[in-house]
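J.: Data: target_25.cif, mmCIF, C-alpha atoms.
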```
data_target
#
loop_
_atom_site.label_atom_id
_atom_site.label_comp_id
_atom_site.auth_asym_id
_atom_site.auth_seq_id
_atom_site.Cartn_x
_atom_site.Cartn_y
_atom_site.Cartn_z
CA MET A 11 137.85 133.68 171.84
CA ASN A 12 137.18 129.95 171.68
CA LYS A 13 133.51 129.20 172.33
CA ALA A 14 133.82 125.42 171.97
CA THR A 15 132.46 123.30 174.79
CA ASN A 16 131.22 119.75 175.15
CA CYS A 17 127.64 118.65 174.83
CA THR A 18 127.17 117.73 178.50
CA LYS A 19 128.38 121.11 179.79
CA ALA A 20 126.36 123.04 177.23
CA ILE A 21 123.12 121.31 178.19
CA GLU A 22 123.86 121.52 181.94
CA MET A 23 123.42 125.30 181.66
CA ILE A 24 119.75 124.88 180.84
CA PRO A 25 117.44 124.95 183.88
CA ASP A 26 114.17 123.07 184.21
CA GLY A 27 111.28 125.22 182.99
CA ALA A 28 113.38 126.99 180.36
CA THR A 29 111.99 128.18 177.04
CA LEU A 30 113.98 126.69 174.16
CA MET A 31 114.02 127.42 170.47
CA ILE A 32 115.20 124.34 168.62
CA GLY A 33 116.11 124.47 164.93
CA GLY A 34 115.09 121.90 162.35
CA PHE A 35 112.32 120.80 160.02
CA LEU A 36 111.20 117.22 160.68
CA GLY A 37 114.62 116.58 162.17
CA VAL A 38 116.57 117.99 159.21
CA GLY A 39 118.79 120.70 160.63
CA SER A 40 118.03 119.77 164.25
CA PRO A 41 120.77 119.53 166.89
CA HIS A 42 120.41 115.79 167.47
CA ARG A 43 123.22 115.27 169.99
CA ALA A 44 121.99 118.19 172.09
CA ILE A 45 118.43 116.81 172.05
CA ASP A 46 119.71 113.39 173.15
CA GLU A 47 121.59 115.10 175.96
CA LEU A 48 118.46 117.03 177.05
CA VAL A 49 116.73 113.65 177.30
CA ARG A 50 119.67 112.06 179.15
CA GLN A 51 119.80 114.90 181.69
CA GLY A 52 116.02 114.71 182.14
CA LYS A 53 115.30 118.44 181.85
CA LYS A 54 111.67 119.10 182.80
CA ASN A 55 108.77 121.49 182.13
CA LEU A 56 110.34 122.83 178.96
CA THR A 57 108.62 125.20 176.56
CA ILE A 58 109.67 124.38 173.00
CA ILE A 59 109.43 126.80 170.10
CA ALA A 60 110.11 124.95 166.84
CA ASN A 61 108.65 124.34 163.41
CA ASP A 62 107.37 120.88 164.35
CA THR A 63 107.71 118.14 166.96
CA GLY A 64 109.59 115.70 164.72
CA ARG A 65 108.64 112.06 164.92
CA PRO A 66 108.41 109.94 168.09
CA ALA A 67 111.97 108.62 167.64
CA LEU A 68 113.36 111.62 165.76
CA GLY A 69 114.54 115.05 166.87
CA ILE A 70 112.27 117.09 169.14
CA GLY A 71 109.87 114.13 169.20
CA LYS A 72 112.14 112.41 171.72
CA LEU A 73 111.55 115.21 174.25
CA ILE A 74 107.79 114.86 173.78
CA VAL A 75 107.87 111.09 174.23
CA ALA A 76 109.96 111.51 177.42
CA LYS A 77 107.28 113.96 178.72
CA GLN A 78 109.80 116.74 179.30
CA VAL A 79 107.72 119.39 177.59
CA LYS A 80 104.82 121.39 179.05
CA LYS A 81 104.19 123.72 176.10
CA VAL A 82 104.90 123.70 172.38
CA ILE A 83 104.64 126.54 169.88
CA ALA A 84 104.88 124.96 166.41
CA SER A 85 103.32 124.98 162.95
CA HIS A 86 102.88 121.24 162.58
CA ILE A 87 102.58 118.27 164.94
CA GLY A 88 101.05 115.79 162.49
CA THR A 89 104.13 113.58 162.21
CA ASN A 90 104.24 112.91 165.94
CA PRO A 91 101.09 111.14 167.23
CA GLU A 92 102.48 111.40 170.77
CA THR A 93 102.20 115.21 170.64
CA GLN A 94 98.53 114.99 169.65
CA LYS A 95 97.89 112.34 172.31
CA GLN A 96 99.38 114.46 175.12
CA MET A 97 97.58 117.55 173.80
CA ILE A 98 94.19 115.82 173.77
CA ALA A 99 94.88 114.38 177.26
CA GLY A 100 95.53 117.93 178.52
CA GLU A 101 99.14 117.13 179.50
CA LEU A 102 100.72 119.36 176.88
CA GLU A 103 99.74 122.85 175.76
CA VAL A 104 100.15 123.27 172.00
CA ILE A 105 99.90 126.58 170.17
CA LEU A 106 99.62 125.92 166.45
CA THR A 107 100.93 128.80 164.39
CA PRO A 108 101.19 129.24 160.60
CA GLN A 109 104.75 128.46 159.57
CA GLY A 110 105.47 131.84 158.02
CA THR A 111 103.98 133.63 161.01
CA LEU A 112 106.13 131.57 163.37
CA ALA A 113 109.26 132.49 161.40
CA GLU A 114 108.31 136.19 161.57
CA GLN A 115 107.46 136.07 165.29
CA ILE A 116 110.93 134.65 165.91
CA ARG A 117 112.53 137.11 163.51
CA SER A 118 110.84 140.08 165.16
CA GLY A 119 111.89 138.76 168.57
CA GLY A 120 115.49 138.65 167.41
CA PHE A 121 115.47 141.83 165.37
CA GLY A 122 114.17 144.10 168.11
CA LEU A 123 110.75 144.66 166.58
CA GLY A 124 107.43 144.89 168.39
CA GLY A 125 105.89 142.19 166.22
CA VAL A 126 104.69 141.87 162.65
CA LEU A 127 101.51 142.47 160.66
CA THR A 128 100.42 139.60 158.43
CA ALA A 129 97.33 138.78 156.40
CA THR A 130 97.90 135.09 157.11
CA GLY A 131 95.28 133.81 159.54
CA ILE A 132 92.75 136.61 159.02
CA GLY A 133 89.23 135.14 159.24
CA THR A 134 90.49 131.85 160.73
CA THR A 135 90.78 130.47 164.25
CA VAL A 136 94.38 131.73 164.29
CA ALA A 137 92.96 135.26 164.61
CA ASP A 138 91.04 134.46 167.82
CA GLY A 139 91.91 137.00 170.50
CA LYS A 140 94.37 138.88 168.32
CA GLN A 141 94.38 142.53 167.36
CA VAL A 142 93.52 143.35 163.74
CA VAL A 143 94.98 146.46 162.13
CA GLU A 144 93.86 147.93 158.81
CA ILE A 145 96.62 149.19 156.51
CA ASN A 146 95.65 150.73 153.16
CA GLY A 147 92.19 149.21 153.50
CA LYS A 148 93.46 145.67 154.09
CA PRO A 149 93.21 143.82 157.44
CA TYR A 150 96.32 142.37 159.06
CA LEU A 151 96.81 140.35 162.24
CA VAL A 152 99.18 141.70 164.86
CA GLU A 153 101.56 138.84 165.67
CA LEU A 154 103.80 139.40 168.68
CA PRO A 155 107.53 138.66 168.91
CA LEU A 156 108.85 135.42 170.36
CA ARG A 157 112.06 135.00 172.34
CA ALA A 158 113.63 132.12 174.24
CA ASP A 159 116.04 131.59 177.11
CA PHE A 160 118.17 129.30 174.93
CA ALA A 161 118.31 128.60 171.21
CA ILE A 162 119.78 125.20 170.34
CA LEU A 163 120.74 125.15 166.70
CA ALA A 164 122.39 122.95 164.10
CA ALA A 165 124.82 124.26 161.48
CA HIS A 166 127.00 122.71 158.81
CA ARG A 167 130.24 124.43 159.74
CA SER A 168 131.20 126.78 162.53
CA ASP A 169 134.58 128.38 163.07
CA TYR A 170 135.86 128.62 166.65
CA ARG A 171 134.54 132.16 166.89
CA GLY A 172 130.99 131.02 165.96
CA ASN A 173 130.54 132.13 162.35
CA LEU A 174 128.05 129.69 160.85
CA GLU A 175 127.39 128.12 157.47
CA TYR A 176 124.38 125.93 156.83
CA ALA A 177 123.68 123.06 154.45
CA LEU A 178 120.77 123.16 151.98
CA THR A 179 117.37 122.69 153.67
CA ALA A 180 119.02 122.14 157.07
CA ARG A 181 119.10 125.93 157.39
CA ASN A 182 115.32 126.41 157.92
CA PHE A 183 114.60 128.04 161.32
CA ASN A 184 118.19 127.97 162.60
CA GLU A 185 119.06 131.29 160.98
CA VAL A 186 116.28 133.38 162.59
CA MET A 187 116.50 131.59 165.94
CA ALA A 188 120.17 132.57 166.26
CA LEU A 189 119.11 136.12 167.13
CA ALA A 190 116.07 135.39 169.27
CA ALA A 191 117.43 133.81 172.46
CA ASP A 192 119.43 135.03 175.46
CA HIS A 193 121.93 132.18 175.03
CA VAL A 194 122.71 130.46 171.75
CA ILE A 195 124.19 126.96 171.60
CA VAL A 196 125.22 125.59 168.21
CA GLU A 197 125.89 122.01 167.24
CA PRO A 198 127.83 122.11 163.96
CA ASP A 199 128.79 119.13 161.80
CA HIS A 200 132.34 120.49 161.69
CA ILE A 201 134.34 123.11 163.57
CA VAL A 202 136.99 124.81 161.45
CA PRO A 203 139.74 127.35 162.21
CA VAL A 204 138.79 131.04 162.25
CA GLY A 205 139.17 132.41 158.73
CA VAL A 206 138.27 129.20 156.89
CA ILE A 207 134.70 130.44 156.34
CA PRO A 208 135.06 133.55 154.17
CA PRO A 209 132.98 136.63 155.14
CA ASP A 210 130.60 136.28 152.20
CA ALA A 211 129.81 132.67 153.14
CA VAL A 212 128.92 133.48 156.77
CA VAL A 213 125.14 133.28 157.23
CA THR A 214 125.00 133.71 161.01
CA PRO A 215 127.73 136.04 162.30
CA PHE A 216 129.83 135.04 165.32
CA CYS A 217 128.32 137.69 167.63
CA CYS A 218 125.06 135.69 167.78
CA VAL A 219 126.69 132.47 169.02
CA ASP A 220 127.67 131.81 172.64
CA TYR A 221 128.61 128.11 172.75
CA ILE A 222 129.78 125.63 170.11
CA ILE A 223 129.35 121.94 170.84
CA GLU A 224 132.46 119.95 169.95
CA ARG A 225 132.24 116.83 167.90
CA SER A 226 133.47 114.45 170.61
CA ASN A 227 132.07 114.60 174.12
CA MET B 25 92.30 106.70 134.03
CA ASP B 26 92.89 106.75 137.78
CA GLU B 27 90.99 109.65 139.41
CA LYS B 28 94.04 111.12 141.08
CA VAL B 29 96.10 110.85 137.89
CA LEU B 30 93.36 112.68 136.00
CA ILE B 31 93.35 115.48 138.56
CA ALA B 32 97.15 115.79 138.50
CA LYS B 33 97.22 115.83 134.69
CA ARG B 34 94.60 118.56 134.52
CA VAL B 35 96.38 120.71 137.13
CA ALA B 36 99.64 120.26 135.20
CA LEU B 37 98.03 122.09 132.26
CA GLU B 38 97.80 125.23 134.42
CA MET B 39 101.60 125.50 134.69
CA LYS B 40 103.40 128.13 132.64
CA SER B 41 107.07 128.28 131.71
CA GLY B 42 109.15 130.33 134.15
CA SER B 43 106.71 129.91 137.05
CA LEU B 44 107.73 129.34 140.65
CA VAL B 45 105.39 126.67 142.01
CA ASN B 46 104.79 125.12 145.45
CA LEU B 47 103.11 121.71 145.46
CA GLY B 48 101.48 120.45 148.66
CA ILE B 49 102.01 117.00 150.13
CA GLY B 50 100.16 114.05 148.57
CA LEU B 51 98.20 114.37 145.31
CA PRO B 52 99.53 117.88 144.52
CA THR B 53 103.12 116.58 144.56
CA THR B 54 102.30 114.22 141.67
CA VAL B 55 101.49 117.17 139.39
CA ALA B 56 105.24 117.42 138.71
CA ASN B 57 105.07 114.02 136.95
CA TYR B 58 102.72 115.29 134.23
CA LEU B 59 104.22 118.56 133.04
CA ALA B 60 104.40 119.03 129.29
CA PRO B 61 107.87 118.21 127.92
CA GLY B 62 110.06 121.31 127.68
CA LEU B 63 108.05 123.32 130.18
CA GLU B 64 110.44 125.14 132.52
CA VAL B 65 108.75 125.24 135.92
CA TYR B 66 110.66 125.85 139.14
CA PHE B 67 109.55 124.22 142.34
CA GLN B 68 109.76 125.70 145.80
CA SER B 69 109.63 123.65 148.96
CA GLU B 70 108.81 125.87 151.91
CA ASN B 71 111.35 124.22 154.19
CA GLY B 72 113.95 126.13 152.25
CA ILE B 73 114.72 125.46 148.59
CA ILE B 74 113.75 126.88 145.24
CA GLY B 75 114.74 124.73 142.29
CA MET B 76 113.75 121.42 143.86
CA ALA B 77 114.18 118.32 141.68
CA PRO B 78 113.27 114.63 142.05
CA ALA B 79 115.41 112.62 144.47
CA PRO B 80 118.61 111.14 143.04
CA GLU B 81 119.01 107.38 142.99
CA MET B 82 119.37 105.47 146.26
CA GLY B 83 122.77 105.96 147.86
CA MET B 84 123.22 109.41 146.35
CA VAL B 85 120.82 111.45 148.46
CA ASP B 86 121.98 114.32 150.66
CA PRO B 87 120.38 113.99 154.13
CA ASN B 88 120.28 117.80 154.31
CA LEU B 89 118.13 118.13 151.19
CA THR B 90 114.50 117.24 151.80
CA ASP B 91 111.03 118.47 150.91
CA ALA B 92 108.38 119.77 153.31
CA GLY B 93 107.25 116.21 153.97
CA GLY B 94 110.74 115.21 155.07
CA GLY B 95 111.39 113.08 151.97
CA PHE B 96 114.73 113.23 150.17
CA VAL B 97 114.77 115.36 147.03
CA GLY B 98 117.30 116.74 144.58
CA ALA B 99 118.03 120.22 143.28
CA ILE B 100 118.48 121.59 139.77
CA PRO B 101 121.70 123.36 138.82
CA GLY B 102 121.08 126.95 139.85
CA ALA B 103 118.86 126.06 142.78
CA ALA B 104 118.99 128.26 145.89
CA SER B 105 118.72 127.24 149.53
CA ILE B 106 117.00 129.76 151.80
CA ASP B 107 115.91 130.04 155.41
CA SER B 108 112.31 129.82 156.63
CA ALA B 109 111.80 133.59 156.91
CA LEU B 110 112.88 134.19 153.31
CA SER B 111 110.94 131.15 152.12
CA PHE B 112 107.73 132.60 153.53
CA GLY B 113 108.68 136.06 152.38
CA LEU B 114 108.59 134.61 148.86
CA ILE B 115 105.21 133.03 149.58
CA ARG B 116 103.49 136.01 151.24
CA GLY B 117 105.27 138.68 149.24
CA GLY B 118 103.81 137.76 145.87
CA HIS B 119 106.90 135.98 144.50
CA LEU B 120 105.28 132.55 144.30
CA ASP B 121 103.25 132.15 141.11
CA VAL B 122 101.22 129.06 141.91
CA THR B 123 100.45 126.81 144.85
CA VAL B 124 98.58 123.52 144.50
CA LEU B 125 97.00 122.20 147.68
CA GLY B 126 94.72 119.38 148.69
CA GLY B 127 91.38 120.15 150.30
CA LEU B 128 88.93 118.77 152.84
CA GLU B 129 86.20 121.23 151.84
CA VAL B 130 85.74 124.15 149.43
CA ASP B 131 82.65 126.34 149.28
CA GLU B 132 80.70 128.73 147.05
CA LEU B 133 82.81 131.64 148.29
CA GLY B 134 85.95 129.84 147.15
CA HIS B 135 87.02 129.35 150.75
CA LEU B 136 89.23 126.35 151.47
CA ALA B 137 89.35 124.22 154.62
CA ASN B 138 92.25 121.79 154.62
CA TRP B 139 94.12 121.80 157.90
CA THR B 140 92.07 120.31 160.69
CA VAL B 141 89.06 118.23 161.65
CA PRO B 142 88.49 119.38 165.24
CA GLY B 143 88.50 116.51 167.71
CA LYS B 144 89.74 114.03 165.11
CA MET B 145 92.76 115.29 163.26
CA ILE B 146 94.86 118.18 164.51
CA PRO B 147 98.11 118.07 162.56
CA GLY B 148 98.56 121.85 162.40
CA MET B 149 98.47 124.13 159.40
CA GLY B 150 102.17 124.05 158.58
CA GLY B 151 102.62 126.42 155.66
CA ALA B 152 99.09 126.09 154.24
CA MET B 153 97.65 129.33 155.63
CA ASP B 154 100.56 131.39 154.31
CA LEU B 155 100.42 129.65 150.93
CA VAL B 156 96.70 130.27 150.43
CA SER B 157 96.93 133.84 151.71
CA GLY B 158 99.99 134.76 149.68
CA ALA B 159 100.45 132.82 146.45
CA LYS B 160 99.47 134.62 143.24
CA LYS B 161 97.34 131.66 142.14
CA VAL B 162 95.85 129.00 144.40
CA ILE B 163 94.69 125.72 142.86
CA VAL B 164 92.85 123.15 144.96
CA ALA B 165 93.40 119.60 143.71
CA MET B 166 91.14 117.09 145.42
CA GLN B 167 88.61 114.35 144.91
CA HIS B 168 85.06 115.61 144.48
CA ALA B 169 83.63 113.64 147.39
CA ALA B 170 84.79 111.78 150.49
CA LYS B 171 82.89 108.71 151.69
CA GLY B 172 80.10 109.55 149.23
CA LYS B 173 79.70 113.10 150.61
CA SER B 174 80.38 116.15 148.44
CA LYS B 175 83.47 118.13 149.49
CA ILE B 176 82.22 121.15 147.52
CA LEU B 177 79.71 122.81 149.81
CA LYS B 178 77.53 125.89 150.08
CA ARG B 179 79.61 126.87 153.12
CA CYS B 180 82.59 125.11 154.66
CA THR B 181 81.83 123.40 157.97
CA LEU B 182 85.48 122.88 158.98
CA PRO B 183 87.82 125.65 160.19
CA LEU B 184 89.03 127.69 157.21
CA THR B 185 92.60 127.82 155.99
CA SER B 186 92.12 131.35 154.67
CA VAL B 187 89.37 133.74 153.62
CA ARG B 188 91.23 134.41 150.37
CA ARG B 189 89.19 133.09 147.45
CA VAL B 190 91.00 130.25 145.70
CA ASP B 191 91.41 130.55 141.93
CA LEU B 192 90.61 127.08 140.63
CA ILE B 193 89.28 123.76 141.92
CA VAL B 194 90.17 120.60 140.00
CA THR B 195 88.49 117.28 140.82
CA GLU B 196 88.08 113.98 138.96
CA LEU B 197 84.67 115.23 137.75
CA ALA B 198 85.13 118.91 136.99
CA VAL B 199 87.09 122.13 136.92
CA LEU B 200 85.39 124.88 138.93
CA GLU B 201 86.22 128.56 139.13
CA PRO B 202 85.08 130.61 142.13
CA THR B 203 83.85 134.05 141.01
CA ASP B 204 81.96 137.00 142.52
CA ALA B 205 78.74 135.35 141.30
CA GLY B 206 79.60 131.89 142.66
CA LEU B 207 81.17 128.63 141.50
CA VAL B 208 81.32 128.40 137.72
CA LEU B 209 81.54 124.97 136.08
CA LYS B 210 84.36 125.47 133.56
CA GLU B 211 85.07 121.92 132.47
CA ILE B 212 83.83 118.39 132.93
CA ALA B 213 85.96 115.25 132.91
CA PRO B 214 85.89 113.01 129.82
CA GLY B 215 82.82 110.76 129.98
CA VAL B 216 81.12 112.82 132.69
CA THR B 217 77.92 114.82 132.15
CA VAL B 218 77.02 118.26 133.55
CA GLU B 219 74.08 116.62 135.32
CA GLN B 220 76.39 114.14 137.02
CA VAL B 221 78.56 116.97 138.32
CA ILE B 222 75.53 118.88 139.63
CA ALA B 223 74.23 115.74 141.34
CA ALA B 224 77.61 115.11 143.00
CA THR B 225 77.96 118.68 144.28
CA GLU B 226 76.26 120.18 147.35
CA ALA B 227 77.12 123.72 146.31
CA THR B 228 75.02 125.49 143.68
CA LEU B 229 76.95 125.68 140.41
CA ILE B 230 76.71 128.31 137.70
CA ILE B 231 76.45 126.45 134.39
CA PRO B 232 77.59 128.39 131.30
CA ASP B 233 76.10 127.61 127.86
CA ASN B 234 79.24 125.82 126.84
CA VAL B 235 81.12 123.60 129.28
CA ALA B 236 84.35 122.23 127.84
CA VAL B 237 85.71 118.74 128.38
CA MET B 238 89.03 118.62 130.25
CA PRO B 239 91.74 118.58 127.58
CA VAL B 240 93.70 115.75 129.17
CA SER B 241 95.23 113.10 126.99
CA ASP B 242 96.27 109.62 128.04
CA ALA B 243 99.08 109.44 125.50
CA VAL B 244 100.89 112.71 126.25
CA ALA B 245 100.56 112.47 129.99
CA THR B 246 101.72 108.87 130.11
CA ALA B 247 104.81 109.75 128.12
CA ALA B 248 105.61 112.62 130.48
CA ALA B 249 105.13 110.41 133.52
CA VAL B 250 107.72 107.82 132.46
#
```
Could you rewrite the structure in this file as structure tokens?
T.:
Amino acid sequence: MNKATNCTKAIEMIPDGATLMIGGFLGVGSPHRAIDELVRQGKKNLTIIANDTGRPALGIGKLIVAKQVKKVIASHIGTNPETQKQMIAGELEVILTPQGTLAEQIRSGGFGLGGVLTATGIGTTVADGKQVVEINGKPYLVELPLRADFAILAAHRSDYRGNLEYALTARNFNEVMALAADHVIVEPDHIVPVGVIPPDAVVTPFCCVDYIIERSN
Amino acid sequence: MDEKVLIAKRVALEMKSGSLVNLGIGLPTTVANYLAPGLEVYFQSENGIIGMAPAPEMGMVDPNLTDAGGGFVGAIPGAASIDSALSFGLIRGGHLDVTVLGGLEVDELGHLANWTVPGKMIPGMGGAMDLVSGAKKVIVAMQHAAKGKSKILKRCTLPLTSVRRVDLIVTELAVLEPTDAGLVLKEIAPGVTVEQVIAATEATLIIPDNVAVMPVSDAVATAAAV
């Protein structure tokens, strides 16, 4: 089965108000053409789950600047002053989450778990309103799973079936997000014939991927 | 010696061969410049690499190899790239030997506040809360005061990063160790007196009979930095 499609069609599937997981760490490993297309199509009222909000002219930052986002769940917004500005103005809801907790919330969402227990955040404002469970005499926060309507990911290589390989630190959140959304769209640097990526090199298996964005539009 | 260089040089003395180390953005990153020659320390960057190395020369960087600040870096032979879940599994799971972080405030309980100034600066905690909660050893590397006000307090006033007690605090004036009894003055900087440290610190310090002078040397550290 050939899952390749073009960028316009892939992004047209996303309705206004959708919850999106977007891979990347300060734009490294983000699906840049898909983000540009989200801006071009003017999708509105998006909820974005991502490590960070990039920079104003980089990655997810472009969606913030274009005011297409109503809510962000991220670990860091410090590199995008526009995110802080909209948050302080009350135009954008931001839930700041420790980076490791965010990764585990996404992982538990994708792995069919009811959440995770972590010591991170105990005794801080992150614990406000959350359940605390004691295990072997030590307190842990109950952190609930996260899922999205769409995950939009970047990969280094995909075969036409959707087996994915990543490059160096461009892997980051892409790997866990691939399991945590109802529909998974991948923007690879290269699409290769099925069989070119050997089984041991596959990081994300093809069953997680629904659509592969072709290089040319 | 520049204050920040002194701090970085002193923190570098805490590194042991074979350690996996995560250095925070800013001053902590510069610790890597002052490691003793021959010391084999491995660096993790939480965005997904262990075995991080300095950036190669201009024109030879890989845009998919960056540190947690988004800057281009290199990798040693034998480095491993990992995803965010595994990266934080290493951090929380006791596989990271040392983390060095900057601080806004530290207090007598050894609590660190370093991620937000409500109403003024809300960048988010990034990986800091996981690092402080999970690393085997947490070293705070920061200047002793900001705008003339001590950053070492009886109790932190800013939101905490973690309630885990940090292991060591290194400033341009002193090395402090949080203990059950309170903050112990372990070392003073060259040319600084115990009285000067006490005067510059809001927190109450425990002063042992013998307080060593930081064993930092201009000559060795300068050679390592080149």
J.: Convert the output of the PyMOL selection byres ((chain A) within 9 of (chain B)) on the shown file into explicit residues, formatted as a ChimeraX atom specification.
T.: /A:35-39,61-62,84-91,94,98,106-114,117,128-135,177-186
J.: When you draw a straight line from atom CA of Glu224 of chain A to atom CA of Ile201 of chain A, how long is it in Å?
T.: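 Separation between atom CA of Glu224 of chain A and atom CA of Ile201 of chain A: 7.4 Å.
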J.: List as a ChimeraX atom specification the protein and nucleic acid residues near segment 34-37 of chain B, meaning an atom at most 12 Å away when all atoms listed in the file are counted, but skip any in the same chain fewer than 4 places from it.
T.: /B:27-30,41,45,47,51-61,63,65,122-126,162-166,192-200,211-214,237-242,244-245,248-249
J.: Around all the atoms of segment 130-138 of chain A listed in the file, with 6 Å of room on each side, what axis-aligned box do you get, giving centre and edge lengths in Å to one decimal, as AutoDock Vina command-line options?
T.:
```
--center_x 93.6 --center_y 133.5 --center_z 162.5 --size_x 20.7 --size_y 18.1 --size_z 22.7
```
J.: Expand the PyMOL selection byres ((chain A and resi 166) around 8) into the individual residues it matches in the shown file, reporting them as a ChimeraX atom specification.
T.: /A:164-165,167-168,174-177,198-200
J.: On this structure, which residues satisfy the PyMOL selection byres ((chain A and resi 49) around 8), written as a list of chain:residue names?
T.: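 Listing what the PyMOL selection byres ((chain A and resi 49) around 8) selects in the shown file: A:Ile45, A:Asp46, A:Glu47, A:Leu48, A:Arg50, A:Gln51, A:Gly52, A:Lys53, A:Lys72, A:Leu73, A:Ala76, A:Gln78.
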J.: List as a ChimeraX atom specification the protein and nucleic acid residues near Ala161 of chain A, meaning an atom at most 12 Å away when all atoms listed in the file are counted, but skip any in the same chain fewer than 4 places from it.
T.: /A:20-21,24,28-34,40-41,44-45,57-60,116,120,156-157,183-197,218-222
J.: As an exercise, work out the distance from atom CA of Arg225 of chain A to atom CA of His42 of chain A in Å and give it to one decimal place.
T.: 11.9 Å
J.: At what distance in Å, to one decimal, does atom CA of Gly71 of chain A lie from atom CA of Ile83 of chain A?
T.: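 Atom-to-atom, atom CA of Ile83 of chain A and atom CA of Gly71 of chain A are spaced 13.5 Å apart.
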J.: For each of B:Gly98, B:Asn234, B:Phe67, B:Asp191, take the minimum atom-to-atom distance to Met82 of chain B, counting all atoms listed in the file, then give the residue where this is smallest.
T.: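 Closest to Met82 of chain B of all the choices is B:Gly98.
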